[in-house]
Every structure is written in structure tokens, then in C-alpha cells.
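Q: Sharing a structure below in C-alpha cells format, with a few things to ask.
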Amino acid sequence: MSFALVFPGQGSQSVGMMQAYGDLPEIRSTFDEASQVLGQDLWALVAEGPEEALAQTVNTQPVMLAAGVAVFRAWRALGGAMPCCVAGHSLGEYTALVAAGSLGFADAVRLTRFRAQAMQQAVPAGVGGMAAILGLSDDGVRQACREAAAGEVLEPANFNSPGQVVIAGHRSAIERGVEAAKALGAKRAVALAMSVPSHCSLMKPAAEALAQYLGEVPLQAPAIPVIHNATVAEAGTPEALREALVQQLYSPVRWVETVQAMAARGVTQVAECGPGKVLAPLVKRIQSEVQGIALSDAASLAAARDVLK
């Protein structure tokens with residue numbers, strides 16, 4: 001039996017999300033470390049809000065990085081084993097690289113803040129958007145994007161599970177895409193409350209800025225395999241890691257293939273390492289013989305420690 005750890009990204013954040021981990025010392029100390037790096041009290045933001053400030057991408061990205069690293073550190077401190085491989089959904093890929101020993105935590109905190117700023121600057125507020133398409137095949141979603149683009153950007157952004165795909169692009173194209181998806185038989189198609197159209201070609205200016213910034217960030221080969229969003233493959237050198245992170249910004253998150261790749265490696269259990277329960281429920285929908293576990297509170301950390309060896 002082997003297990004993998006996966007790390008959530010934006011969308012899992014909520015005020016009070018770390019309270020479920022009780023007084024595990026690694027939780028607060030990790031947030032204190034991140035707060036010191038940024039000169040901003042991230043713990044107060046997570047504990048007290050307001051929700052609107054937490055939802056701002058420049059805050060959400062370093063907060064979710066800190067949350068995932070905090071839970072991973074708590075897991076290890078409790079005697080939890082190292083996984084056979086790791087991955088992260090979108091932003092969570094940075095957390096996975098920290099867990100794999102490839103990226104230093106302080107560097108990752110600064111990097112995710114820069115990434116968020118670059119993404120927000122690439123597309124002015126109100127210009128871009130994202131929408132969830134439910135109950136339509138991947139090919140159906142691609143067809144809806146082609147039909148509704150009308151000269152604007154409209155592309156699949158997240159392949160989260162069979163029948164659950166997120167699209168991204170210009171806001172007006174998103175509105176057309178929602179209607180096109182419904183006409184093609186989608187059970188639901190709804191715009192998401194996100195101002196930044198992640199994982200589509202509108203992010204290429206942000207990717208160029210990120211590439212320049214990454215050139216100054218120390219990276220090393222990961223101690224355990226990291227399966228990357230854009231390629232569903234490992235990147236074994238610092239140069240390949242930088243390329244994978246840059247490509248990720250404007251390429252779709254291939255989460256279905258990521259879980260399938262883990263199963264092909266003999267993974268039988270995938271544990272979501274962080275607050276919330278977003279990724280764990282997707283596992284069984286993607287790969288029926290693989291178990292998804294959420295390490296979403298202190299009790300689940302202790303219980304999983306005794307199961308995942």
C-alpha cells in the first residue's frame with residue numbers, strides 16, 4: 001500500500017479554517033513565519049477575516065500556501081509518514097514543492113504573493129472570469145469554448161473530475177460559454193466569483209513576469225516525485241521546475257490525469273493535506289479503486305497517521 005499527499009489551492013479558504021486543528025503548535029508557528037516574511041498578520045486574517053480580504057488573490061495565495069505547509073508540518077510532527085509522491089491543485093503545486101524539499105518556505109511565501117500580484121495585473125478586474133461546467137464531457141466543454149469564443153479568449157482551465165470542468169477567459173466570452181454549454185447538455189453551468197481568469201492564455205503576461213522572478217528563486221530537485229499540473233509529469237531539475245511553474249499559469253490543471261498517474265504508480269490512498277474537503281471527494285470519482293482522505297482537522301490527522309504508513 002502506498003499513499004500520496006495532495007495540496008489544495010484557491011477556493012478552499014474560509015475564515016476560521018485553521019481552528020479545526022486545535023492547538024497543534026506547527027499550525028500557528030508556520031503562520032507566524034509566513035507573517036514575518038510578508039510583514040502582514042496572516043493568522044489574524046485567517047482567524048478573524050474579513051472574508052472579502054481573505055478572498056483577495058494577493059492574500060489567498062500566501063494564506064493557502066501557509067495552511068498546506070502548516071498541516072504538512074503537523075502531520076510529520078505527529079509521526080505521519082512521507083508519501084510516495086505529491087501534487088497540488090493550481091496554487092497547491094507550490095505547497096507540494098515545499099513538502100518535497102524543492103522550494104524553501106520563505107521563498108514560497110514571497111513567490112506566491114508575487115504570482116498573485118502578477119495575475120491580478122495581467123487582467124484588470126472585471127475583464128476576465130471563470131465558470132464551472134457540470135455534467136458535460138471534456139470534448140463538449142471544448143466545443144462550447146470554440147463556439148462561444150467569438151474572437152475572445154475562452155478555454156478549459158481545470159479538468160477537476162469527469163463531468164466537472166472549469167473554463168476561463170474574457171468575461172463576455174464566459175457568459176456566452178455558459179449558454180453554449182447548457183445548449184450542449186450541461187446539467188449546470190455557472191459563473192464563479194473569481195476576478196482572475198487562471199490557467200488560460202490571458203495569463204501569459206503574468207507567466208512572463210513569473211519566469212523572470214523565478215530566475216532568482218533557489219530551487220533544487222525534489223526529494224520525492226512532484227506531479228505537475230500542466231504536464232502530469234515530474235520535473236527533476238531546477239530549470240525544468242521553473243518551466244513547469246511558468247507553463248502552469250496559462251495551461252489547464254489536468255487533475256483527472258494527475259490522480260490517474262498516481263494510481264498508475266500504485267497509489268491506493270490520496271490524502272488532501274490542508275483545510276477544507278475539496279480534493280479528497282474528487283479522488284473516487286476519478287479513480288474508483290483509490291481512496292480519498294481529507295486531513296481537515298486534528299482528529300483526521302491522528303487517524304490517518306495510523307493508516308497511512
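Labels for the C-alpha cells follow display order: chains A, B, ..., residues from 1 in each chain, ligands from 1.
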Write out, as a Markdown table, each residue of region 212-235 of chain A that has an atom at most 9 Å from region 108-118 of chain A, together with the closest pair of atoms and their distance in Å to one decimal, counting only C-alpha atoms, rows going by chain and rising number.

A:
```
| residue | atom | partner | partner_atom | distance |
| --- | --- | --- | --- | --- |
| A:Tyr213 | CA | A:Leu111 | CA | 8.0 |
| A:Leu214 | CA | A:Leu111 | CA | 7.9 |
| A:Val217 | CA | A:Leu111 | CA | 8.2 |
```

Q: Take the selection from the previous step and output its residues with all heavy atoms, as a compact mmCIF listing (two decimals), in the first residue's frame.

A:
```txt
# COMPACT_ATOMS: atom_id res chain seq x y z
N TYR A 213 10.95 36.38 -12.37
CA TYR A 213 11.09 36.31 -10.91
C TYR A 213 11.67 34.97 -10.49
O TYR A 213 12.55 34.90 -9.61
CB TYR A 213 9.72 36.53 -10.26
CG TYR A 213 9.75 36.63 -8.75
CD1 TYR A 213 9.82 37.86 -8.11
CD2 TYR A 213 9.70 35.48 -7.96
CE1 TYR A 213 9.84 37.95 -6.74
CE2 TYR A 213 9.72 35.56 -6.58
CZ TYR A 213 9.79 36.80 -5.97
OH TYR A 213 9.82 36.88 -4.60
N LEU A 214 11.19 33.89 -11.11
CA LEU A 214 11.65 32.55 -10.74
C LEU A 214 13.14 32.36 -10.99
O LEU A 214 13.78 31.52 -10.34
CB LEU A 214 10.87 31.49 -11.51
CG LEU A 214 9.52 31.07 -10.93
CD1 LEU A 214 8.73 30.28 -11.96
CD2 LEU A 214 9.71 30.26 -9.66
N VAL A 217 14.92 32.66 -7.80
CA VAL A 217 14.46 31.84 -6.67
C VAL A 217 15.24 30.53 -6.64
O VAL A 217 15.27 29.80 -7.64
CB VAL A 217 12.95 31.54 -6.77
CG1 VAL A 217 12.50 30.62 -5.63
CG2 VAL A 217 12.15 32.83 -6.74
```

Q: Wanna dump the region 194-215 of chain A-region 164-182 of chain A contacts at 10 Å for me, each residue with its shortest atom pair and the distance in Å to one decimal, counting only C-alpha atoms, ordered by chain and number, as a tab-separated table?

A:
```
residue	atom	partner	partner_atom	distance
A:Met194	CA	A:Ala168	CA	9.8
A:Ser195	CA	A:Arg171	CA	9.0
A:Val196	CA	A:Ala168	CA	8.7
A:Pro197	CA	A:Ala168	CA	5.1
A:Ser198	CA	A:Ala168	CA	6.6
A:His199	CA	A:Ala168	CA	7.2
A:Cys200	CA	A:Ala168	CA	6.1
A:Ser201	CA	A:Gly169	CA	7.9
A:Leu202	CA	A:Gly169	CA	6.8
A:Met203	CA	A:Gly169	CA	9.4
```

Q: Would you output that residue set with C-alpha atoms, as an mmCIF file, in the first residue's frame?

A:
```cif
data_model
loop_
_atom_site.group_PDB
_atom_site.id
_atom_site.type_symbol
_atom_site.label_atom_id
_atom_site.label_comp_id
_atom_site.auth_asym_id
_atom_site.auth_seq_id
_atom_site.Cartn_x
_atom_site.Cartn_y
_atom_site.Cartn_z
ATOM 1 C CA MET A 194 -13.278 34.998 -9.412
ATOM 2 C CA SER A 195 -11.836 38.125 -10.988
ATOM 3 C CA VAL A 196 -8.654 36.451 -12.264
ATOM 4 C CA PRO A 197 -9.077 34.048 -15.220
ATOM 5 C CA SER A 198 -6.465 31.500 -14.161
ATOM 6 C CA HIS A 199 -4.972 28.797 -16.387
ATOM 7 C CA CYS A 200 -5.794 30.331 -19.746
ATOM 8 C CA SER A 201 -3.803 32.299 -22.313
ATOM 9 C CA LEU A 202 -4.834 35.625 -20.726
ATOM 10 C CA MET A 203 -2.243 34.750 -18.067
#
```

Q: Which is closer to Gly9 (chain A) than all the others in A:Arg254, A:His228, A:Lys284, A:His89, using only C-alpha atoms?

A: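 Residue with the minimum atom-to-atom distance to Gly9 (chain A): A:His89.
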
Q: Counting only C-alpha atoms, what are the residues of region 240-291 of chain A within 9 Å of region 64-78 of chain A, and for each of them which pair of atoms is the nearest and at what distance in Å, to one decimal? Sort the table by chain and rising number, as a tab-separated table.

A:
```
residue	atom	partner	partner_atom	distance
A:Cys273	CA	A:Gly68	CA	6.0
A:Gly274	CA	A:Gly68	CA	4.7
A:Pro275	CA	A:Ala67	CA	7.1
```

Q: Would you save the residues of that selection, restricted to N, CA, C and O atoms, as a PDB file, in the first residue's frame?

A:
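Output below, filename out25.pdb:
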```pdb
ATOM      1  N   CYS A 273      -4.029  17.391   2.044  1.00  0.00           N
ATOM      2  CA  CYS A 273      -3.286  17.936   3.172  1.00  0.00           C
ATOM      3  C   CYS A 273      -3.551  19.435   3.279  1.00  0.00           C
ATOM      4  O   CYS A 273      -2.850  20.257   2.685  1.00  0.00           O
ATOM      5  N   GLY A 274      -4.585  19.791   4.032  1.00  0.00           N
ATOM      6  CA  GLY A 274      -4.936  21.194   4.192  1.00  0.00           C
ATOM      7  C   GLY A 274      -6.384  21.336   4.603  1.00  0.00           C
ATOM      8  O   GLY A 274      -7.138  20.347   4.639  1.00  0.00           O
ATOM      9  N   PRO A 275      -6.792  22.550   4.930  1.00  0.00           N
ATOM     10  CA  PRO A 275      -8.171  22.775   5.371  1.00  0.00           C
ATOM     11  C   PRO A 275      -9.170  22.579   4.234  1.00  0.00           C
ATOM     12  O   PRO A 275      -8.839  22.770   3.063  1.00  0.00           O
TER      13      PRO A 275
END
```

Q: For the interface of region 199-282 of chain A with region 3-7 of chain A (cut-off 10 Å, counting only C-alpha atoms), please tabulate each contacting residue of region 199-282 of chain A alongside its nearest pair of atoms and their separation in Å to one decimal, rows sorted by chain and increasing number, as a Markdown table.

A:
```
| residue | atom | partner | partner_atom | distance |
| --- | --- | --- | --- | --- |
| A:Pro225 | CA | A:Ala4 | CA | 9.9 |
| A:Val226 | CA | A:Val6 | CA | 9.8 |
| A:Ile227 | CA | A:Val6 | CA | 9.8 |
| A:Val259 | CA | A:Ala4 | CA | 9.5 |
| A:Met262 | CA | A:Ala4 | CA | 7.4 |
| A:Ala263 | CA | A:Phe3 | CA | 9.5 |
| A:Arg265 | CA | A:Phe3 | CA | 9.8 |
| A:Gly266 | CA | A:Phe3 | CA | 8.4 |
| A:Val267 | CA | A:Phe3 | CA | 5.1 |
| A:Thr268 | CA | A:Phe3 | CA | 6.0 |
| A:Gln269 | CA | A:Phe3 | CA | 4.7 |
| A:Val270 | CA | A:Ala4 | CA | 4.8 |
| A:Ala271 | CA | A:Leu5 | CA | 4.9 |
| A:Glu272 | CA | A:Val6 | CA | 4.9 |
| A:Cys273 | CA | A:Phe7 | CA | 5.3 |
| A:Gly274 | CA | A:Phe7 | CA | 6.3 |
| A:Pro275 | CA | A:Phe7 | CA | 9.3 |
| A:Val278 | CA | A:Phe7 | CA | 9.8 |
| A:Leu279 | CA | A:Val6 | CA | 7.7 |
| A:Ala280 | CA | A:Val6 | CA | 8.6 |
```

Q: Go ahead and save the residues from that selection, with C-alpha atoms, as a compact mmCIF listing (two decimals), in the first residue's frame.

A:
```txt
# COMPACT_ATOMS: atom_id res chain seq x y z
CA PRO A 225 8.27 12.96 -7.04
CA VAL A 226 6.06 16.01 -7.68
CA ILE A 227 3.47 15.51 -10.41
CA VAL A 259 -4.89 11.25 -9.94
CA MET A 262 -0.81 8.39 -9.05
CA ALA A 263 -2.91 5.25 -9.38
CA ARG A 265 2.28 4.37 -9.61
CA GLY A 266 0.47 2.02 -7.24
CA VAL A 267 -1.07 4.69 -5.02
CA THR A 268 -4.12 3.31 -3.20
CA GLN A 269 -4.89 6.31 -0.97
CA VAL A 270 -4.69 10.04 -1.66
CA ALA A 271 -4.79 12.39 1.34
CA GLU A 272 -5.74 16.05 0.96
CA CYS A 273 -3.29 17.94 3.17
CA GLY A 274 -4.94 21.19 4.19
CA PRO A 275 -8.17 22.77 5.37
CA VAL A 278 -12.29 19.85 -1.98
CA LEU A 279 -9.82 17.38 -3.49
CA ALA A 280 -10.49 14.23 -1.45
```

Q: Restricting the calculation to only C-alpha atoms, which member of A:Leu245, A:Ala233, A:Leu184, A:Val63 is positioned closest to Gln260 (chain A)?

A: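 Once distances to Gln260 (chain A) are computed over only C-alpha atoms, the minimum belongs to A:Ala233.
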
Q: Mind the document's chain letters and residue numbers, and return as a ChimeraX atom specification the residues of region 87-150 of chain A that DSSP labels helix (DSSP H, G or I).

A: /A:92-99,105-122,138-149

Q: Gln248 (chain A): which residues within 8 Å, counting only C-alpha atoms, same-chain residues fewer than 4 positions away excluded, as a list in words?

A: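 That gives Ser90, His199, Asn229, Ala230, Ala244, Pro252 and Val253 of chain A.
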
Q: Filtering to C-alpha atoms, could you give me those residues as a PDB file, in the first residue's frame?

A:
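The result, written out as out_38.pdb:
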```pdb
ATOM      1  CA  SER A  90      -3.018  25.003  -9.109  1.00  0.00           C
ATOM      2  CA  HIS A 199      -4.972  28.797 -16.387  1.00  0.00           C
ATOM      3  CA  ASN A 229      -0.439  20.272 -13.253  1.00  0.00           C
ATOM      4  CA  ALA A 230       0.457  21.270 -16.787  1.00  0.00           C
ATOM      5  CA  ALA A 244       6.622  23.735 -15.232  1.00  0.00           C
ATOM      6  CA  PRO A 252      -5.184  23.866 -17.766  1.00  0.00           C
ATOM      7  CA  VAL A 253      -4.924  21.985 -14.475  1.00  0.00           C
TER       8      VAL A 253
END
```

Q: One decimal, in Å: what's the spacing between CA of Pro205 (chain A) and CA of Gln61 (chain A)?

A: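 These atoms are spaced 18.5 Å apart.
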
Q: Neighbours of region 159-161 of chain A within 7 Å (only C-alpha atoms; same-chain residues fewer than 6 positions away dropped), as a VMD selection string?

A: chain A and resid 253 to 256 282 285 to 286

Q: When you look at Trp43 (chain A) with a cut-off of 9 Å (counting only C-alpha atoms), what residues show up, excluding the ones that are within fewer than 6 positions of it in the same chain? I need them as a list in words.

A: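 Counting only C-alpha atoms, the residues come to Arg28, Phe31, Asp32, Ser35 and Val63 of chain A.
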
Q: Using N, CA and C atoms, can you write the selected residues to a file as a short mmCIF file (atom, residue, chain, number, x, y, z; two decimals), in the first residue's frame?

A:
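After the write, part-v8.cif holds the following:
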```
data_model
loop_
_atom_site.label_atom_id
_atom_site.label_comp_id
_atom_site.auth_asym_id
_atom_site.auth_seq_id
_atom_site.Cartn_x
_atom_site.Cartn_y
_atom_site.Cartn_z
N ARG A 28 0.24 27.30 14.16
CA ARG A 28 0.45 28.72 14.44
C ARG A 28 1.87 29.16 14.09
N PHE A 31 2.22 29.91 10.38
CA PHE A 31 1.60 31.18 10.01
C PHE A 31 2.42 32.36 10.52
N ASP A 32 2.99 32.22 11.71
CA ASP A 32 3.84 33.30 12.24
C ASP A 32 5.05 33.53 11.34
N SER A 35 3.88 35.26 8.19
CA SER A 35 3.53 36.65 8.50
C SER A 35 4.77 37.51 8.60
N VAL A 63 -1.80 32.68 1.95
CA VAL A 63 -2.53 32.05 3.06
C VAL A 63 -2.71 30.56 2.83
#
```

Q: Compare A:Val15, A:Leu91, A:Val98, A:Ala81 by their minimum atom-to-atom distance to Pro222 (chain A), counting only C-alpha atoms, and give me the closest one.

A: A:Val98

Q: In Å, rounded to a single decimal, give me how far CA of Gly104 (chain A) is from CA of Glu33 (chain A).

A: 12.1 Å

Q: Based on the backbone DSSP call, show me all residues of region 13-192 of chain A assigned strand (DSSP E or B), as a ChimeraX atom specification.

A: /A:85-88,103,128-134,154-161,164-170,188-192

Q: Would you export the selected residues with N, CA and C atoms as a compact mmCIF listing (two decimals), in the first residue's frame, please?

A:
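To be explicit, this is the file written out as result.txt:
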```
# COMPACT_ATOMS: atom_id res chain seq x y z
N CYS A 85 4.57 10.22 -3.38
CA CYS A 85 4.61 11.34 -4.32
C CYS A 85 3.62 12.40 -3.86
N VAL A 86 3.72 13.59 -4.44
CA VAL A 86 2.85 14.70 -4.06
C VAL A 86 2.40 15.44 -5.32
N ALA A 87 1.32 16.20 -5.15
CA ALA A 87 0.86 17.11 -6.20
C ALA A 87 0.02 18.18 -5.52
N GLY A 88 -0.22 19.26 -6.23
CA GLY A 88 -1.08 20.32 -5.69
C GLY A 88 -1.96 20.86 -6.78
N LEU A 103 11.56 23.67 -2.68
CA LEU A 103 11.38 25.13 -2.56
C LEU A 103 11.32 25.50 -1.09
N GLY A 128 -11.90 39.61 -16.96
CA GLY A 128 -11.86 38.16 -17.08
C GLY A 128 -12.78 37.47 -16.10
N GLY A 129 -12.94 36.17 -16.27
CA GLY A 129 -13.78 35.40 -15.36
C GLY A 129 -13.57 33.91 -15.54
N MET A 130 -14.29 33.14 -14.72
CA MET A 130 -14.25 31.68 -14.79
C MET A 130 -15.66 31.15 -14.55
N ALA A 131 -15.92 29.95 -15.04
CA ALA A 131 -17.23 29.34 -14.83
C ALA A 131 -17.07 27.83 -14.70
N ALA A 132 -17.91 27.21 -13.89
CA ALA A 132 -17.91 25.77 -13.71
C ALA A 132 -18.95 25.14 -14.63
N ILE A 133 -18.53 24.12 -15.37
CA ILE A 133 -19.42 23.39 -16.27
C ILE A 133 -19.58 21.97 -15.71
N LEU A 134 -20.79 21.59 -15.36
CA LEU A 134 -21.05 20.30 -14.73
C LEU A 134 -21.91 19.43 -15.64
N LEU A 154 -11.44 32.00 -24.53
CA LEU A 154 -12.33 31.13 -23.74
C LEU A 154 -11.78 29.71 -23.84
N GLU A 155 -11.29 29.20 -22.73
CA GLU A 155 -10.57 27.92 -22.75
C GLU A 155 -10.88 27.09 -21.52
N PRO A 156 -10.80 25.76 -21.61
CA PRO A 156 -10.87 24.91 -20.42
C PRO A 156 -9.69 25.22 -19.50
N ALA A 157 -9.96 25.38 -18.21
CA ALA A 157 -8.90 25.77 -17.26
C ALA A 157 -8.60 24.70 -16.23
N ASN A 158 -9.61 24.00 -15.75
CA ASN A 158 -9.42 22.95 -14.75
C ASN A 158 -10.23 21.73 -15.15
N PHE A 159 -9.55 20.61 -15.37
CA PHE A 159 -10.24 19.33 -15.55
C PHE A 159 -10.24 18.64 -14.19
N ASN A 160 -11.26 18.94 -13.36
CA ASN A 160 -11.24 18.53 -11.95
C ASN A 160 -11.67 17.10 -11.72
N SER A 161 -12.67 16.65 -12.47
CA SER A 161 -13.14 15.27 -12.40
C SER A 161 -14.02 15.04 -13.61
N GLN A 164 -16.80 17.58 -14.51
CA GLN A 164 -16.61 18.83 -13.76
C GLN A 164 -15.38 19.56 -14.32
N VAL A 165 -15.65 20.53 -15.17
CA VAL A 165 -14.59 21.29 -15.83
C VAL A 165 -14.84 22.78 -15.61
N VAL A 166 -13.78 23.51 -15.34
CA VAL A 166 -13.88 24.96 -15.19
C VAL A 166 -13.30 25.61 -16.44
N ILE A 167 -13.97 26.63 -16.95
CA ILE A 167 -13.48 27.38 -18.11
C ILE A 167 -13.07 28.78 -17.67
N ALA A 168 -12.18 29.39 -18.45
CA ALA A 168 -11.67 30.73 -18.12
C ALA A 168 -11.49 31.54 -19.38
N GLY A 169 -11.55 32.86 -19.23
CA GLY A 169 -11.33 33.75 -20.36
C GLY A 169 -11.95 35.12 -20.13
N HIS A 170 -12.22 35.81 -21.21
CA HIS A 170 -12.87 37.12 -21.12
C HIS A 170 -14.28 36.95 -20.53
N ARG A 188 -25.36 21.77 -15.31
CA ARG A 188 -25.26 23.11 -14.72
C ARG A 188 -24.08 23.83 -15.35
N ALA A 189 -24.20 25.12 -15.48
CA ALA A 189 -23.10 25.95 -15.95
C ALA A 189 -23.26 27.30 -15.27
N VAL A 190 -22.30 27.64 -14.41
CA VAL A 190 -22.47 28.82 -13.59
C VAL A 190 -21.16 29.60 -13.47
N ALA A 191 -21.23 30.90 -13.61
CA ALA A 191 -20.06 31.76 -13.44
C ALA A 191 -19.58 31.72 -12.00
N LEU A 192 -18.26 31.76 -11.81
CA LEU A 192 -17.67 31.73 -10.47
C LEU A 192 -17.26 33.14 -10.06
```

Q: Restricting the calculation to only C-alpha atoms, which member of A:Ala149, A:Ala223, A:Leu241, A:Val37 is positioned closest to Ala211 (chain A)?

A: A:Leu241
